[in-house]
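Text of my_file-v8.cif, listed as mmCIF, N, CA and C atoms:
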data_structure
#
loop_
_atom_site.group_PDB
_atom_site.id
_atom_site.type_symbol
_atom_site.label_atom_id
_atom_site.label_comp_id
_atom_site.auth_asym_id
_atom_site.auth_seq_id
_atom_site.Cartn_x
_atom_site.Cartn_y
_atom_site.Cartn_z
ATOM 1 N N MET A 1 -5.396 14.992 -2.220
ATOM 2 C CA MET A 1 -5.651 13.742 -2.906
ATOM 3 C C MET A 1 -5.086 13.785 -4.329
ATOM 4 N N ASP A 2 -5.153 14.940 -4.983
ATOM 5 C CA ASP A 2 -4.619 15.048 -6.339
ATOM 6 C C ASP A 2 -3.113 14.819 -6.367
ATOM 7 N N GLU A 3 -2.429 15.287 -5.329
ATOM 8 C CA GLU A 3 -0.975 15.090 -5.254
ATOM 9 C C GLU A 3 -0.639 13.604 -5.101
ATOM 10 N N ILE A 4 -1.399 12.897 -4.290
ATOM 11 C CA ILE A 4 -1.194 11.458 -4.110
ATOM 12 C C ILE A 4 -1.412 10.745 -5.447
ATOM 13 N N LYS A 5 -2.496 11.076 -6.123
ATOM 14 C CA LYS A 5 -2.800 10.449 -7.418
ATOM 15 C C LYS A 5 -1.675 10.709 -8.411
ATOM 16 N N GLN A 6 -1.196 11.935 -8.461
ATOM 17 C CA GLN A 6 -0.137 12.286 -9.406
ATOM 18 C C GLN A 6 1.152 11.513 -9.121
ATOM 19 N N GLN A 7 1.513 11.386 -7.857
ATOM 20 C CA GLN A 7 2.736 10.662 -7.505
ATOM 21 C C GLN A 7 2.617 9.172 -7.842
ATOM 22 N N ILE A 8 1.464 8.578 -7.575
ATOM 23 C CA ILE A 8 1.259 7.163 -7.910
ATOM 24 C C ILE A 8 1.302 6.976 -9.425
ATOM 25 N N ARG A 9 0.618 7.850 -10.149
ATOM 26 C CA ARG A 9 0.594 7.778 -11.607
ATOM 27 C C ARG A 9 2.014 7.889 -12.173
ATOM 28 N N GLU A 10 2.774 8.861 -11.699
ATOM 29 C CA GLU A 10 4.145 9.046 -12.174
ATOM 30 C C GLU A 10 5.020 7.837 -11.863
ATOM 31 N N TYR A 11 4.854 7.262 -10.687
ATOM 32 C CA TYR A 11 5.625 6.075 -10.329
ATOM 33 C C TYR A 11 5.328 4.934 -11.307
ATOM 34 N N ILE A 12 4.060 4.700 -11.578
ATOM 35 C CA ILE A 12 3.677 3.617 -12.493
ATOM 36 C C ILE A 12 4.219 3.882 -13.898
ATOM 37 N N ILE A 13 4.069 5.087 -14.373
ATOM 38 C CA ILE A 13 4.560 5.425 -15.716
ATOM 39 C C ILE A 13 6.074 5.248 -15.800
ATOM 40 N N ASN A 14 6.791 5.766 -14.826
ATOM 41 C CA ASN A 14 8.255 5.712 -14.875
ATOM 42 C C ASN A 14 8.830 4.327 -14.636
ATOM 43 N N ASN A 15 8.161 3.515 -13.813
ATOM 44 C CA ASN A 15 8.725 2.222 -13.441
ATOM 45 C C ASN A 15 8.145 1.031 -14.191
ATOM 46 N N PHE A 16 6.927 1.155 -14.696
ATOM 47 C CA PHE A 16 6.281 0.020 -15.344
ATOM 48 C C PHE A 16 5.964 0.258 -16.820
ATOM 49 N N LEU A 17 5.956 1.515 -17.239
ATOM 50 C CA LEU A 17 5.604 1.832 -18.623
ATOM 51 C C LEU A 17 6.748 2.539 -19.349
ATOM 52 N N ASP A 18 7.946 2.378 -18.862
ATOM 53 C CA ASP A 18 9.143 2.959 -19.487
ATOM 54 C C ASP A 18 9.040 4.462 -19.702
ATOM 55 N N GLY A 19 8.352 5.149 -18.786
ATOM 56 C CA GLY A 19 8.259 6.601 -18.859
ATOM 57 C C GLY A 19 7.302 7.124 -19.903
ATOM 58 N N GLU A 20 6.494 6.251 -20.487
ATOM 59 C CA GLU A 20 5.604 6.632 -21.572
ATOM 60 C C GLU A 20 4.148 6.493 -21.164
ATOM 61 N N ASP A 21 3.436 7.611 -21.114
ATOM 62 C CA ASP A 21 1.999 7.561 -20.855
ATOM 63 C C ASP A 21 1.282 7.650 -22.189
ATOM 64 N N THR A 22 0.773 6.521 -22.631
ATOM 65 C CA THR A 22 0.106 6.477 -23.932
ATOM 66 C C THR A 22 -1.352 6.912 -23.841
ATOM 67 N N GLY A 23 -1.780 7.316 -22.680
ATOM 68 C CA GLY A 23 -3.169 7.694 -22.482
ATOM 69 C C GLY A 23 -4.045 6.527 -22.077
ATOM 70 N N ASP A 24 -3.476 5.322 -22.055
ATOM 71 C CA ASP A 24 -4.234 4.129 -21.693
ATOM 72 C C ASP A 24 -4.353 3.929 -20.184
ATOM 73 N N LEU A 25 -3.548 4.633 -19.424
ATOM 74 C CA LEU A 25 -3.536 4.459 -17.976
ATOM 75 C C LEU A 25 -4.660 5.283 -17.352
ATOM 76 N N LYS A 26 -5.785 4.635 -17.140
ATOM 77 C CA LYS A 26 -6.958 5.285 -16.557
ATOM 78 C C LYS A 26 -6.998 5.002 -15.061
ATOM 79 N N ASP A 27 -7.501 5.960 -14.310
ATOM 80 C CA ASP A 27 -7.500 5.865 -12.854
ATOM 81 C C ASP A 27 -8.363 4.737 -12.316
ATOM 82 N N ASP A 28 -9.380 4.323 -13.060
ATOM 83 C CA ASP A 28 -10.319 3.320 -12.560
ATOM 84 C C ASP A 28 -10.218 1.971 -13.273
ATOM 85 N N VAL A 29 -9.167 1.763 -14.060
ATOM 86 C CA VAL A 29 -8.992 0.519 -14.806
ATOM 87 C C VAL A 29 -8.021 -0.400 -14.068
ATOM 88 N N SER A 30 -8.335 -1.683 -14.047
ATOM 89 C CA SER A 30 -7.498 -2.674 -13.378
ATOM 90 C C SER A 30 -6.095 -2.688 -13.976
ATOM 91 N N LEU A 31 -5.108 -2.473 -13.127
ATOM 92 C CA LEU A 31 -3.717 -2.504 -13.573
ATOM 93 C C LEU A 31 -3.291 -3.930 -13.908
ATOM 94 N N GLU A 32 -3.863 -4.901 -13.218
ATOM 95 C CA GLU A 32 -3.535 -6.300 -13.498
ATOM 96 C C GLU A 32 -4.144 -6.743 -14.827
ATOM 97 N N ARG A 33 -5.417 -6.470 -15.017
ATOM 98 C CA ARG A 33 -6.084 -6.891 -16.259
ATOM 99 C C ARG A 33 -5.532 -6.169 -17.479
ATOM 100 N N SER A 34 -5.018 -4.960 -17.296
ATOM 101 C CA SER A 34 -4.433 -4.233 -18.424
ATOM 102 C C SER A 34 -2.945 -4.556 -18.587
ATOM 103 N N HIS A 35 -2.471 -5.520 -17.809
ATOM 104 C CA HIS A 35 -1.100 -6.047 -17.899
ATOM 105 C C HIS A 35 -0.022 -5.006 -17.589
ATOM 106 N N VAL A 36 -0.350 -4.074 -16.718
ATOM 107 C CA VAL A 36 0.629 -3.094 -16.260
ATOM 108 C C VAL A 36 1.346 -3.626 -15.026
ATOM 109 N N VAL A 37 0.604 -4.317 -14.163
ATOM 110 C CA VAL A 37 1.132 -4.791 -12.885
ATOM 111 C C VAL A 37 0.861 -6.287 -12.741
ATOM 112 N N ASP A 38 1.904 -7.029 -12.345
ATOM 113 C CA ASP A 38 1.731 -8.424 -11.963
ATOM 114 C C ASP A 38 1.977 -8.511 -10.460
ATOM 115 N N SER A 39 2.013 -9.703 -9.909
ATOM 116 C CA SER A 39 2.128 -9.833 -8.449
ATOM 117 C C SER A 39 3.443 -9.250 -7.923
ATOM 118 N N ALA A 40 4.532 -9.415 -8.637
ATOM 119 C CA ALA A 40 5.815 -8.859 -8.184
ATOM 120 C C ALA A 40 5.784 -7.332 -8.221
ATOM 121 N N ARG A 41 5.202 -6.792 -9.261
ATOM 122 C CA ARG A 41 5.113 -5.329 -9.360
ATOM 123 C C ARG A 41 4.129 -4.756 -8.339
ATOM 124 N N ALA A 42 3.126 -5.530 -7.977
ATOM 125 C CA ALA A 42 2.202 -5.085 -6.932
ATOM 126 C C ALA A 42 2.961 -4.881 -5.631
ATOM 127 N N LEU A 43 3.915 -5.762 -5.350
ATOM 128 C CA LEU A 43 4.739 -5.594 -4.146
ATOM 129 C C LEU A 43 5.593 -4.335 -4.240
ATOM 130 N N GLU A 44 6.104 -4.035 -5.427
ATOM 131 C CA GLU A 44 6.858 -2.797 -5.622
ATOM 132 C C GLU A 44 5.986 -1.575 -5.346
ATOM 133 N N LEU A 45 4.743 -1.630 -5.797
ATOM 134 C CA LEU A 45 3.813 -0.524 -5.541
ATOM 135 C C LEU A 45 3.551 -0.349 -4.053
ATOM 136 N N ILE A 46 3.374 -1.458 -3.359
ATOM 137 C CA ILE A 46 3.141 -1.400 -1.919
ATOM 138 C C ILE A 46 4.349 -0.774 -1.217
ATOM 139 N N LEU A 47 5.535 -1.204 -1.583
ATOM 140 C CA LEU A 47 6.746 -0.623 -0.995
ATOM 141 C C LEU A 47 6.861 0.866 -1.305
ATOM 142 N N PHE A 48 6.512 1.240 -2.516
ATOM 143 C CA PHE A 48 6.530 2.653 -2.894
ATOM 144 C C PHE A 48 5.603 3.468 -1.999
ATOM 145 N N LEU A 49 4.377 2.980 -1.802
ATOM 146 C CA LEU A 49 3.427 3.699 -0.947
ATOM 147 C C LEU A 49 3.944 3.795 0.485
ATOM 148 N N GLU A 50 4.469 2.689 1.002
ATOM 149 C CA GLU A 50 4.983 2.686 2.376
ATOM 150 C C GLU A 50 6.127 3.684 2.541
ATOM 151 N N GLU A 51 7.058 3.660 1.609
ATOM 152 C CA GLU A 51 8.231 4.529 1.715
ATOM 153 C C GLU A 51 7.884 5.995 1.466
ATOM 154 N N THR A 52 6.984 6.246 0.555
ATOM 155 C CA THR A 52 6.642 7.622 0.196
ATOM 156 C C THR A 52 5.834 8.307 1.283
ATOM 157 N N TRP A 53 4.870 7.584 1.870
ATOM 158 C CA TRP A 53 3.985 8.217 2.843
ATOM 159 C C TRP A 53 4.181 7.721 4.270
ATOM 160 N N GLY A 54 5.128 6.838 4.494
ATOM 161 C CA GLY A 54 5.524 6.478 5.848
ATOM 162 C C GLY A 54 4.523 5.676 6.647
ATOM 163 N N PHE A 55 3.782 4.807 6.009
ATOM 164 C CA PHE A 55 2.898 3.908 6.753
ATOM 165 C C PHE A 55 3.195 2.479 6.341
ATOM 166 N N GLU A 56 2.651 1.535 7.095
ATOM 167 C CA GLU A 56 2.858 0.119 6.803
ATOM 168 C C GLU A 56 1.569 -0.484 6.266
ATOM 169 N N VAL A 57 1.682 -1.216 5.183
ATOM 170 C CA VAL A 57 0.541 -1.919 4.618
ATOM 171 C C VAL A 57 0.460 -3.282 5.301
ATOM 172 N N GLU A 58 -0.616 -3.504 6.006
ATOM 173 C CA GLU A 58 -0.832 -4.775 6.678
ATOM 174 C C GLU A 58 -1.095 -5.857 5.629
ATOM 175 N N THR A 59 -0.725 -7.092 5.931
ATOM 176 C CA THR A 59 -0.907 -8.200 5.003
ATOM 177 C C THR A 59 -2.361 -8.317 4.555
ATOM 178 N N ASP A 60 -3.296 -8.149 5.475
ATOM 179 C CA ASP A 60 -4.722 -8.255 5.143
ATOM 180 C C ASP A 60 -5.188 -7.144 4.207
ATOM 181 N N ASP A 61 -4.434 -6.041 4.153
ATOM 182 C CA ASP A 61 -4.796 -4.920 3.287
ATOM 183 C C ASP A 61 -4.240 -5.047 1.874
ATOM 184 N N ALA A 62 -3.307 -5.952 1.659
ATOM 185 C CA ALA A 62 -2.661 -6.109 0.348
ATOM 186 C C ALA A 62 -3.567 -6.918 -0.582
ATOM 187 N N THR A 63 -4.672 -6.294 -0.968
ATOM 188 C CA THR A 63 -5.682 -6.952 -1.789
ATOM 189 C C THR A 63 -5.933 -6.132 -3.058
ATOM 190 N N PRO A 64 -6.514 -6.766 -4.069
ATOM 191 C CA PRO A 64 -6.863 -6.014 -5.283
ATOM 192 C C PRO A 64 -7.809 -4.843 -5.001
ATOM 193 N N GLU A 65 -8.651 -4.989 -4.001
ATOM 194 C CA GLU A 65 -9.570 -3.901 -3.670
ATOM 195 C C GLU A 65 -8.821 -2.619 -3.300
ATOM 196 N N ASN A 66 -7.613 -2.754 -2.774
ATOM 197 C CA ASN A 66 -6.818 -1.597 -2.363
ATOM 198 C C ASN A 66 -5.726 -1.208 -3.356
ATOM 199 N N PHE A 67 -5.358 -2.125 -4.263
ATOM 200 C CA PHE A 67 -4.174 -1.867 -5.086
ATOM 201 C C PHE A 67 -4.326 -2.145 -6.579
ATOM 202 N N ASP A 68 -5.518 -2.469 -7.073
ATOM 203 C CA ASP A 68 -5.645 -2.842 -8.477
ATOM 204 C C ASP A 68 -5.875 -1.659 -9.416
ATOM 205 N N THR A 69 -6.270 -0.513 -8.877
ATOM 206 C CA THR A 69 -6.447 0.676 -9.707
ATOM 207 C C THR A 69 -5.766 1.855 -9.018
ATOM 208 N N ILE A 70 -5.514 2.883 -9.787
ATOM 209 C CA ILE A 70 -4.946 4.096 -9.195
ATOM 210 C C ILE A 70 -5.933 4.680 -8.194
ATOM 211 N N ASP A 71 -7.213 4.716 -8.550
ATOM 212 C CA ASP A 71 -8.225 5.238 -7.622
ATOM 213 C C ASP A 71 -8.240 4.470 -6.306
ATOM 214 N N ALA A 72 -8.105 3.146 -6.371
ATOM 215 C CA ALA A 72 -8.109 2.326 -5.157
ATOM 216 C C ALA A 72 -6.891 2.642 -4.291
ATOM 217 N N MET A 73 -5.726 2.818 -4.914
ATOM 218 C CA MET A 73 -4.516 3.152 -4.151
ATOM 219 C C MET A 73 -4.607 4.537 -3.518
ATOM 220 N N VAL A 74 -5.203 5.473 -4.234
ATOM 221 C CA VAL A 74 -5.387 6.816 -3.682
ATOM 222 C C VAL A 74 -6.314 6.757 -2.477
ATOM 223 N N ALA A 75 -7.420 6.034 -2.603
ATOM 224 C CA ALA A 75 -8.370 5.909 -1.490
ATOM 225 C C ALA A 75 -7.720 5.227 -0.296
ATOM 226 N N TYR A 76 -6.975 4.163 -0.545
ATOM 227 C CA TYR A 76 -6.307 3.443 0.543
ATOM 228 C C TYR A 76 -5.278 4.344 1.231
ATOM 229 N N THR A 77 -4.467 5.014 0.453
ATOM 230 C CA THR A 77 -3.437 5.903 1.011
ATOM 231 C C THR A 77 -4.070 7.020 1.825
ATOM 232 N N THR A 78 -5.139 7.590 1.315
ATOM 233 C CA THR A 78 -5.852 8.660 2.032
ATOM 234 C C THR A 78 -6.381 8.150 3.365
ATOM 235 N N ARG A 79 -6.951 6.943 3.352
ATOM 236 C CA ARG A 79 -7.449 6.349 4.616
ATOM 237 C C ARG A 79 -6.308 6.135 5.604
ATOM 238 N N LYS A 80 -5.188 5.622 5.120
ATOM 239 C CA LYS A 80 -4.053 5.344 6.008
ATOM 240 C C LYS A 80 -3.477 6.634 6.598
ATOM 241 N N LEU A 81 -3.498 7.691 5.831
ATOM 242 C CA LEU A 81 -2.958 8.966 6.314
ATOM 243 C C LEU A 81 -3.923 9.666 7.251
ATOM 244 N N GLY A 82 -5.182 9.196 7.265
ATOM 245 C CA GLY A 82 -6.183 9.707 8.188
ATOM 246 C C GLY A 82 -6.599 11.097 7.905
#

Show the structure stored in the file as structure tokens.
Amino acid sequence: MDEIKQQIREYIINNFLDGEDTGDLKDDVSLERSHVVDSARALELILFLEETWGFEVETDDATPENFDTIDAMVAYTTRKLG
């Protein structure tokens, strides 16, 4: 699980924060409310998860409950990997 969290964190830092982790990126904070991710970037995150771990995100699963925080994405990815 730590490896999944690290890869997601690195992806967000490198692609949405210009490679700079200012310490503001907390695992349990809403990425949308903190203005890190908008709807277009949420789709990029979904594609990243699908391509990195080889599963498909169903339309019904593409919700803030699964993708609004790093912790939520880690939990979702872990569930999908079984």

**Asked** If you count only C-alpha atoms, which residues fall within 12 Å of segment 68-75 of chain A, apart from same-chain ones fewer than 3 positions away, as JSON, numbers by chain?
**Response** {"A": [1, 2, 3, 4, 5, 6, 7, 8, 9, 10, 11, 12, 13, 25, 26, 27, 28, 29, 30, 31, 32, 33, 34, 35, 36, 37, 38, 39, 41, 42, 43, 45, 46, 48, 49, 50, 53, 57, 61, 62, 63, 64, 65, 78, 79, 80, 81, 82]}

**Report entry** Interatomic distance (Å, one decimal) between atom C of Asn14 of chain A and atom N of Thr52 of chain A
**Finding:**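 Here the two named atoms are 15.4 Å from each other.
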
Write out as a VMD selection string all residues of chain A that backbone DSSP assigns to alpha helix (DSSP H). chain A and resid 2 to 16 39 to 53 64 to 67 70 to 81

Restricting to only C-alpha atoms, whichever of A:Asn66, A:Glu56, A:Ala40, A:Tyr76 is closest to Phe16 of chain A is A:Ala40

What separates atom C of Glu58 of chain A and atom N of Leu17 of chain A is a distance of 25.0 Å

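The space between atom CA of Glu20 of chain A and atom C of Glu44 of chain A spans 18.2 Å.
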
Show me, as lines of an AutoDock Vina configuration file, the centre and edge lengths in Å to one decimal of the axis-aligned box that covers every listed atom of segment 27-32 of chain A with 5 Å on each side.
center_x = -6.8
center_y = -0.4
center_z = -13.6
size_x = 17.0
size_y = 22.7
size_z = 12.5

Any chance you could model N, CA, C and O atoms for segment 6-31 of chain A and send them as a PDB file, keeping the file's coordinate frame?
ATOM      1  N   GLN A   6      -1.196  11.935  -8.461  1.00  0.00           N
ATOM      2  CA  GLN A   6      -0.137  12.286  -9.406  1.00  0.00           C
ATOM      3  C   GLN A   6       1.152  11.513  -9.121  1.00  0.00           C
ATOM      4  O   GLN A   6       1.800  11.022 -10.029  1.00  0.00           O
ATOM      5  N   GLN A   7       1.513  11.386  -7.857  1.00  0.00           N
ATOM      6  CA  GLN A   7       2.736  10.662  -7.505  1.00  0.00           C
ATOM      7  C   GLN A   7       2.617   9.172  -7.842  1.00  0.00           C
ATOM      8  O   GLN A   7       3.576   8.571  -8.334  1.00  0.00           O
ATOM      9  N   ILE A   8       1.464   8.578  -7.575  1.00  0.00           N
ATOM     10  CA  ILE A   8       1.259   7.163  -7.910  1.00  0.00           C
ATOM     11  C   ILE A   8       1.302   6.976  -9.425  1.00  0.00           C
ATOM     12  O   ILE A   8       1.966   6.068  -9.928  1.00  0.00           O
ATOM     13  N   ARG A   9       0.618   7.850 -10.149  1.00  0.00           N
ATOM     14  CA  ARG A   9       0.594   7.778 -11.607  1.00  0.00           C
ATOM     15  C   ARG A   9       2.014   7.889 -12.173  1.00  0.00           C
ATOM     16  O   ARG A   9       2.414   7.102 -13.026  1.00  0.00           O
ATOM     17  N   GLU A  10       2.774   8.861 -11.699  1.00  0.00           N
ATOM     18  CA  GLU A  10       4.145   9.046 -12.174  1.00  0.00           C
ATOM     19  C   GLU A  10       5.020   7.837 -11.863  1.00  0.00           C
ATOM     20  O   GLU A  10       5.838   7.434 -12.689  1.00  0.00           O
ATOM     21  N   TYR A  11       4.854   7.262 -10.687  1.00  0.00           N
ATOM     22  CA  TYR A  11       5.625   6.075 -10.329  1.00  0.00           C
ATOM     23  C   TYR A  11       5.328   4.934 -11.307  1.00  0.00           C
ATOM     24  O   TYR A  11       6.243   4.278 -11.797  1.00  0.00           O
ATOM     25  N   ILE A  12       4.060   4.700 -11.578  1.00  0.00           N
ATOM     26  CA  ILE A  12       3.677   3.617 -12.493  1.00  0.00           C
ATOM     27  C   ILE A  12       4.219   3.882 -13.898  1.00  0.00           C
ATOM     28  O   ILE A  12       4.796   2.993 -14.522  1.00  0.00           O
ATOM     29  N   ILE A  13       4.069   5.087 -14.373  1.00  0.00           N
ATOM     30  CA  ILE A  13       4.560   5.425 -15.716  1.00  0.00           C
ATOM     31  C   ILE A  13       6.074   5.248 -15.800  1.00  0.00           C
ATOM     32  O   ILE A  13       6.583   4.630 -16.734  1.00  0.00           O
ATOM     33  N   ASN A  14       6.791   5.766 -14.826  1.00  0.00           N
ATOM     34  CA  ASN A  14       8.255   5.712 -14.875  1.00  0.00           C
ATOM     35  C   ASN A  14       8.830   4.327 -14.636  1.00  0.00           C
ATOM     36  O   ASN A  14       9.864   3.980 -15.200  1.00  0.00           O
ATOM     37  N   ASN A  15       8.161   3.515 -13.813  1.00  0.00           N
ATOM     38  CA  ASN A  15       8.725   2.222 -13.441  1.00  0.00           C
ATOM     39  C   ASN A  15       8.145   1.031 -14.191  1.00  0.00           C
ATOM     40  O   ASN A  15       8.813  -0.001 -14.310  1.00  0.00           O
ATOM     41  N   PHE A  16       6.927   1.155 -14.696  1.00  0.00           N
ATOM     42  CA  PHE A  16       6.281   0.020 -15.344  1.00  0.00           C
ATOM     43  C   PHE A  16       5.964   0.258 -16.820  1.00  0.00           C
ATOM     44  O   PHE A  16       5.707  -0.679 -17.546  1.00  0.00           O
ATOM     45  N   LEU A  17       5.956   1.515 -17.239  1.00  0.00           N
ATOM     46  CA  LEU A  17       5.604   1.832 -18.623  1.00  0.00           C
ATOM     47  C   LEU A  17       6.748   2.539 -19.349  1.00  0.00           C
ATOM     48  O   LEU A  17       6.529   3.244 -20.326  1.00  0.00           O
ATOM     49  N   ASP A  18       7.946   2.378 -18.862  1.00  0.00           N
ATOM     50  CA  ASP A  18       9.143   2.959 -19.487  1.00  0.00           C
ATOM     51  C   ASP A  18       9.040   4.462 -19.702  1.00  0.00           C
ATOM     52  O   ASP A  18       9.537   4.984 -20.695  1.00  0.00           O
ATOM     53  N   GLY A  19       8.352   5.149 -18.786  1.00  0.00           N
ATOM     54  CA  GLY A  19       8.259   6.601 -18.859  1.00  0.00           C
ATOM     55  C   GLY A  19       7.302   7.124 -19.903  1.00  0.00           C
ATOM     56  O   GLY A  19       7.267   8.314 -20.181  1.00  0.00           O
ATOM     57  N   GLU A  20       6.494   6.251 -20.487  1.00  0.00           N
ATOM     58  CA  GLU A  20       5.604   6.632 -21.572  1.00  0.00           C
ATOM     59  C   GLU A  20       4.148   6.493 -21.164  1.00  0.00           C
ATOM     60  O   GLU A  20       3.677   5.391 -20.887  1.00  0.00           O
ATOM     61  N   ASP A  21       3.436   7.611 -21.114  1.00  0.00           N
ATOM     62  CA  ASP A  21       1.999   7.561 -20.855  1.00  0.00           C
ATOM     63  C   ASP A  21       1.282   7.650 -22.189  1.00  0.00           C
ATOM     64  O   ASP A  21       1.206   8.704 -22.800  1.00  0.00           O
ATOM     65  N   THR A  22       0.773   6.521 -22.631  1.00  0.00           N
ATOM     66  CA  THR A  22       0.106   6.477 -23.932  1.00  0.00           C
ATOM     67  C   THR A  22      -1.352   6.912 -23.841  1.00  0.00           C
ATOM     68  O   THR A  22      -2.077   6.867 -24.826  1.00  0.00           O
ATOM     69  N   GLY A  23      -1.780   7.316 -22.680  1.00  0.00           N
ATOM     70  CA  GLY A  23      -3.169   7.694 -22.482  1.00  0.00           C
ATOM     71  C   GLY A  23      -4.045   6.527 -22.077  1.00  0.00           C
ATOM     72  O   GLY A  23      -5.218   6.700 -21.802  1.00  0.00           O
ATOM     73  N   ASP A  24      -3.476   5.322 -22.055  1.00  0.00           N
ATOM     74  CA  ASP A  24      -4.234   4.129 -21.693  1.00  0.00           C
ATOM     75  C   ASP A  24      -4.353   3.929 -20.184  1.00  0.00           C
ATOM     76  O   ASP A  24      -5.154   3.128 -19.733  1.00  0.00           O
ATOM     77  N   LEU A  25      -3.548   4.633 -19.424  1.00  0.00           N
ATOM     78  CA  LEU A  25      -3.536   4.459 -17.976  1.00  0.00           C
ATOM     79  C   LEU A  25      -4.660   5.283 -17.352  1.00  0.00           C
ATOM     80  O   LEU A  25      -4.533   6.475 -17.123  1.00  0.00           O
ATOM     81  N   LYS A  26      -5.785   4.635 -17.140  1.00  0.00           N
ATOM     82  CA  LYS A  26      -6.958   5.285 -16.557  1.00  0.00           C
ATOM     83  C   LYS A  26      -6.998   5.002 -15.061  1.00  0.00           C
ATOM     84  O   LYS A  26      -6.594   3.940 -14.606  1.00  0.00           O
ATOM     85  N   ASP A  27      -7.501   5.960 -14.310  1.00  0.00           N
ATOM     86  CA  ASP A  27      -7.500   5.865 -12.854  1.00  0.00           C
ATOM     87  C   ASP A  27      -8.363   4.737 -12.316  1.00  0.00           C
ATOM     88  O   ASP A  27      -8.112   4.242 -11.223  1.00  0.00           O
ATOM     89  N   ASP A  28      -9.380   4.323 -13.060  1.00  0.00           N
ATOM     90  CA  ASP A  28     -10.319   3.320 -12.560  1.00  0.00           C
ATOM     91  C   ASP A  28     -10.218   1.971 -13.273  1.00  0.00           C
ATOM     92  O   ASP A  28     -11.062   1.104 -13.089  1.00  0.00           O
ATOM     93  N   VAL A  29      -9.167   1.763 -14.060  1.00  0.00           N
ATOM     94  CA  VAL A  29      -8.992   0.519 -14.806  1.00  0.00           C
ATOM     95  C   VAL A  29      -8.021  -0.400 -14.068  1.00  0.00           C
ATOM     96  O   VAL A  29      -6.999   0.061 -13.543  1.00  0.00           O
ATOM     97  N   SER A  30      -8.335  -1.683 -14.047  1.00  0.00           N
ATOM     98  CA  SER A  30      -7.498  -2.674 -13.378  1.00  0.00           C
ATOM     99  C   SER A  30      -6.095  -2.688 -13.976  1.00  0.00           C
ATOM    100  O   SER A  30      -5.924  -2.908 -15.178  1.00  0.00           O
ATOM    101  N   LEU A  31      -5.108  -2.473 -13.127  1.00  0.00           N
ATOM    102  CA  LEU A  31      -3.717  -2.504 -13.573  1.00  0.00           C
ATOM    103  C   LEU A  31      -3.291  -3.930 -13.908  1.00  0.00           C
ATOM    104  O   LEU A  31      -2.479  -4.150 -14.799  1.00  0.00           O
TER     105      LEU A  31
END
